[in-house]
2 protein chains.
Amino acid sequence: MTATDPNISTEEKIKLAARTVFMRKGYAATRTRDIAEESGLNLALINYYFRSKENLFNIVMLEICQLFASNVKELLNNSETSIEQKIEKLVHHYIDMLQSNPSIPFFILNEAHTDPDLFLSRIGMNGKMEELYIVKQWIELVKEKELTIQPLHIILNTISMTVFPFAAAPMLKAKSNISTDAFKLLMEERKIMIPKWITMMLTNREREIQ
Amino acid sequence: MTATDPNISTEEKIKLAARTVFMRKGYAATRTRDIAEESGLNLALINYYFRSKENLFNIVMLEICQLFASNVKELLNNSETSIEQKIEKLVHHYIDMLQSNPSIPFFILNEAHTDPDLFLSRIGMNGKMEELYIVKQWIELVKEKELTIQPLHIILNTISMTVFPFAAAPMLKAKSNISTDAFKLLMEERKIMIPKWITMMLTNREREIQ
DNA sequence: GTCTATAAAGTGATAGAC
DNA sequence: GTCTATCACTTTATAGAC
């Protein structure tokens with residue numbers, strides 16, 4: 001399904017083209033002419049269907065952010081799964097999703113950097129981290145295993161190791177001689193490895209790694 | 001030292017203001033008027049001193065990228081230090097530098113995403129990763145300890161856990177109730193923890209973590 | 001609904017006074 | 001060197017023909 005497919009509506013064509021260009025260049029660097037060109041349609045149709053560039057952007061961004069945040073809150077708030085299971089599911093979910101949409105981290109960081117509060121309200125993640133079930137589980141685990149580590153470190157480590165490689169992929173591809181296919185394989189490896197590394201951090205007592 | 005300090009030259013004031021605004025908003029979203037306002041000076045002076053917005057940007061970006069890349073290549077290519085020492089130095093170097101310049105990761109990712117090759121040639125890191133001494137050390141270590149892990153994973157993990165939190169800081173501050181000071185302390189903790197986590201990944205044989 | 005032509009506003013750059 | 005005023009061009013948005 002591309003923006004020039006004859007079987008989809010004009011409105012949808014514009015939205016698909018906008019999604020492509022906004023993700024590639026960010027809001028400010030994107031011209032409505034770029035979107036018109038990408039969609040193979042006329043410039044005036046953008047305003048006919050979406051009233052303004054900003055309105056079109058808000059619609060596109062909302063969809064991307066919902067994709068990025070979908071299931072994650074529920075996953076972390078599930079009282080039926082263990083911490084290890086949550087982390088494994090989270091890592092799989094993000095890597096699978098980012099393999100198909102590798103520009104999302106760049107896009108998200110860009111928007112979050114420009115206006116963090118607006119961004120978070122848009123993706124419906126207003127709830128504080130502290131209220132999630134996984135945090136309660138973590139506090140229990142820390143007590144039980146006599147760990148001194150903060151849950152925030154583990155959350156940061158999980159998200160960092162999972163998401164950052166996609167954001168850094170353009171540099172990585174230029175700096176090492178890694179191809180797009182090799183990068184995909186690398187991330188498939190990480191899908192297995194990251195939960196193991198996190199488990200290591202979780203099961204080793206601090207004095208054992210000093 | 002700010003852009004409105006009366007003791008520095010007009011040229012330097014413009015460069016400082018440009019640095020601030022370009023880092024905050026990226027190239028495309030920055031207007032020369034924003035830089036003039038930030039510096040407390042007149043719009044025309046930007047072109048008087050720097051000829052064009054693009055030229056000013058190139059100068060500012062070069063300085064930021066050199067700051068970002070300074071010593072890193074030498075550090076990773078040093079044949080006198082162990083892998084663990086290299087990682088510890090690298091993590092300390094980046095966290096110290098990013099504590100003072102927290103917008104750099106956003107800026108770097110933004111530019112690298114827009115034009116990776118141009119970016120890499122600008123910061124003088126054209127050499128391939130494979131040629132660095134640390135990679136040779138790693139291959140030796142993998143053989144010796146019977147690890148099956150790729151060095152690239154460890155490099156990615158180190159950079160991810162170190163740099164990504166700064167890129168994600170705006171979201172983190174909005175989502176958890178963490179303050180700017182608490183974030184600084186968190187990163188000081190990570191300066192100690194990250195090398196330990198990496199050492200764990202390095203010293204545990206794969207079968208032991210399965 | 002879709003197009004061409006154009007208005008309206010924004011933005012980088014410069015001329016010329018001081 | 002520094003400022004005001006303005007040009008030249010780009011870009012968003014709209015009017016109006018089909």
# chains A, B, ... in the order shown; residues from 1 in each chain; ligands from 1
$ residues_around --residues "stretch 2-14 of chain C" --least-positions-apart "4" --cutoff "12 Å" --atoms "only C-alpha atoms (C1' of nucleotides)" --output "PyMOL selection string"
(chain A and resi 10+41-46+48-49) or (chain B and resi 28-34+43-48+50-54) or (chain D and resi 5-18)
$ calpha_fit_rmsd --fixed "chain A" --moving "chain B"
0.2 Å
$ atom_distance --atom1 "atom CA of A:Glu88" --atom2 "atom CA of A:Pro195"
5.4 Å
$ atom_distance --atom1 "atom CA of B:Leu109" --atom2 "atom CA of A:Phe166"
10.6 Å
$ atom_distance --atom1 "atom CA of A:Leu56" --atom2 "atom CA of A:Lys25"
15.0 Å
$ select_by_dssp --residues "stretch 101-164 of chain B" --states "alpha helix (DSSP H)" --output "PyMOL selection string"
chain B and resi 104-114+116-122+133-145+151-164
$ residues_around --residues "A:Lys15" --least-positions-apart "6" --cutoff "9 Å" --atoms "only C-alpha atoms (C1' of nucleotides)" --output "list in words"
Ala3, Ile35, Ser39, Leu56, Phe57, Ile59 and Val60 of chain A
$ interface_residues --of "chain A" --to "chain B" --cutoff "8 Å" --atoms "only C-alpha atoms" --output "PyMOL selection string"
chain A and resi 24-25+28-29+106+109-110+112-114+116-117+120+125-130+153+156-157+160-161+164-165+167-168+170-171+174-177+190+196-197+200-201+209-210
$ write_last_selection --atoms "C-alpha atoms" --output "PDB file, in the first residue's frame"
ATOM      1  CA  ARG A  24      11.683  11.373   6.939  1.00  0.00           C
ATOM      2  CA  LYS A  25      12.175  15.114   7.361  1.00  0.00           C
ATOM      3  CA  ALA A  28       9.594  22.036   9.891  1.00  0.00           C
ATOM      4  CA  ALA A  29      11.635  20.712   6.964  1.00  0.00           C
ATOM      5  CA  PHE A 106      13.657   9.720  15.274  1.00  0.00           C
ATOM      6  CA  LEU A 109      12.322  12.050  19.835  1.00  0.00           C
ATOM      7  CA  ASN A 110      11.967  15.010  17.514  1.00  0.00           C
ATOM      8  CA  ALA A 112       9.043  14.988  22.295  1.00  0.00           C
ATOM      9  CA  HIS A 113      12.012  17.336  22.228  1.00  0.00           C
ATOM     10  CA  THR A 114      10.030  20.159  20.654  1.00  0.00           C
ATOM     11  CA  PRO A 116       7.144  17.125  25.611  1.00  0.00           C
ATOM     12  CA  ASP A 117       3.838  17.827  27.362  1.00  0.00           C
ATOM     13  CA  LEU A 120       2.515  13.024  25.892  1.00  0.00           C
ATOM     14  CA  MET A 125       0.197   8.471  28.250  1.00  0.00           C
ATOM     15  CA  ASN A 126      -0.574  11.080  30.859  1.00  0.00           C
ATOM     16  CA  GLY A 127      -0.449   8.582  33.718  1.00  0.00           C
ATOM     17  CA  LYS A 128       2.711   8.687  35.770  1.00  0.00           C
ATOM     18  CA  MET A 129       5.208   5.841  35.532  1.00  0.00           C
ATOM     19  CA  GLU A 130       5.004   5.236  39.278  1.00  0.00           C
ATOM     20  CA  HIS A 153      17.461   2.165  35.512  1.00  0.00           C
ATOM     21  CA  LEU A 156      15.839   2.961  30.804  1.00  0.00           C
ATOM     22  CA  ASN A 157      18.213   0.127  29.937  1.00  0.00           C
ATOM     23  CA  SER A 160      17.654   2.320  25.427  1.00  0.00           C
ATOM     24  CA  MET A 161      19.056  -0.960  24.135  1.00  0.00           C
ATOM     25  CA  PHE A 164      18.330   3.599  20.349  1.00  0.00           C
ATOM     26  CA  PRO A 165      19.869   1.363  17.649  1.00  0.00           C
ATOM     27  CA  ALA A 167      17.592   6.019  15.986  1.00  0.00           C
ATOM     28  CA  ALA A 168      21.326   5.575  15.418  1.00  0.00           C
ATOM     29  CA  PRO A 170      21.828   5.922   9.775  1.00  0.00           C
ATOM     30  CA  MET A 171      25.157   6.587  11.531  1.00  0.00           C
ATOM     31  CA  ALA A 174      27.543   4.757   7.389  1.00  0.00           C
ATOM     32  CA  LYS A 175      30.219   4.036   9.996  1.00  0.00           C
ATOM     33  CA  SER A 176      30.391   0.270   9.933  1.00  0.00           C
ATOM     34  CA  ASN A 177      29.866  -1.563   6.657  1.00  0.00           C
ATOM     35  CA  ARG A 190      18.916  -8.358  20.074  1.00  0.00           C
ATOM     36  CA  LYS A 196      18.767 -12.047  28.819  1.00  0.00           C
ATOM     37  CA  TRP A 197      20.957  -9.052  29.578  1.00  0.00           C
ATOM     38  CA  MET A 200      21.365 -10.729  34.293  1.00  0.00           C
ATOM     39  CA  MET A 201      21.144  -7.238  35.731  1.00  0.00           C
ATOM     40  CA  ILE A 209      29.369  -7.454  40.024  1.00  0.00           C
ATOM     41  CA  GLN A 210      31.601  -5.059  41.937  1.00  0.00           C
TER      42      GLN A 210
END
$ residues_around --residues "A:Glu140" --least-positions-apart "6" --cutoff "12 Å" --atoms "only C-alpha atoms (C1' of nucleotides)" --output "list in words"
Ser82, Ile83, Tyr133, Ile134, Glu146, Leu147, Thr148, Gln150 and Pro151 of chain A
$ interface_residues --of "chain D" --to "chain B" --cutoff "10 Å" --atoms "only C-alpha atoms (C1' of nucleotides)" --output "PDB file with N, CA and C atoms (P, O5', C5', C4', C3', O3' and C1' of nucleotides), in the first residue's frame"
ATOM      1  P    DG D   1      34.093  44.514  12.635  1.00  0.00           P
ATOM      2  O5'  DG D   1      33.745  45.720  13.573  1.00  0.00           O
ATOM      3  C5'  DG D   1      32.880  46.731  13.093  1.00  0.00           C
ATOM      4  C4'  DG D   1      31.900  47.101  14.160  1.00  0.00           C
ATOM      5  C3'  DG D   1      30.744  46.116  14.355  1.00  0.00           C
ATOM      6  O3'  DG D   1      30.199  46.356  15.648  1.00  0.00           O
ATOM      7  C1'  DG D   1      29.962  48.050  13.272  1.00  0.00           C
ATOM      8  P    DT D   2      29.000  45.428  16.220  1.00  0.00           P
ATOM      9  O5'  DT D   2      27.665  46.212  15.847  1.00  0.00           O
ATOM     10  C5'  DT D   2      27.326  47.396  16.581  1.00  0.00           C
ATOM     11  C4'  DT D   2      26.082  48.021  15.992  1.00  0.00           C
ATOM     12  C3'  DT D   2      24.878  47.085  15.876  1.00  0.00           C
ATOM     13  O3'  DT D   2      23.869  47.527  16.767  1.00  0.00           O
ATOM     14  C1'  DT D   2      25.121  48.463  13.944  1.00  0.00           C
ATOM     15  P    DC D   3      22.474  46.739  16.887  1.00  0.00           P
ATOM     16  O5'  DC D   3      21.536  47.568  15.891  1.00  0.00           O
ATOM     17  C5'  DC D   3      21.018  48.827  16.318  1.00  0.00           C
ATOM     18  C4'  DC D   3      20.456  49.590  15.134  1.00  0.00           C
ATOM     19  C3'  DC D   3      19.171  49.008  14.539  1.00  0.00           C
ATOM     20  O3'  DC D   3      18.042  49.626  15.154  1.00  0.00           O
ATOM     21  C1'  DC D   3      20.714  49.707  12.821  1.00  0.00           C
ATOM     22  P    DT D   4      16.596  49.054  14.771  1.00  0.00           P
ATOM     23  O5'  DT D   4      16.290  49.787  13.390  1.00  0.00           O
ATOM     24  C5'  DT D   4      16.269  51.222  13.299  1.00  0.00           C
ATOM     25  C4'  DT D   4      15.779  51.638  11.917  1.00  0.00           C
ATOM     26  C3'  DT D   4      14.409  51.068  11.530  1.00  0.00           C
ATOM     27  O3'  DT D   4      13.647  52.090  10.871  1.00  0.00           O
ATOM     28  C1'  DT D   4      16.018  50.359   9.949  1.00  0.00           C
TER      29       DT D   4
END
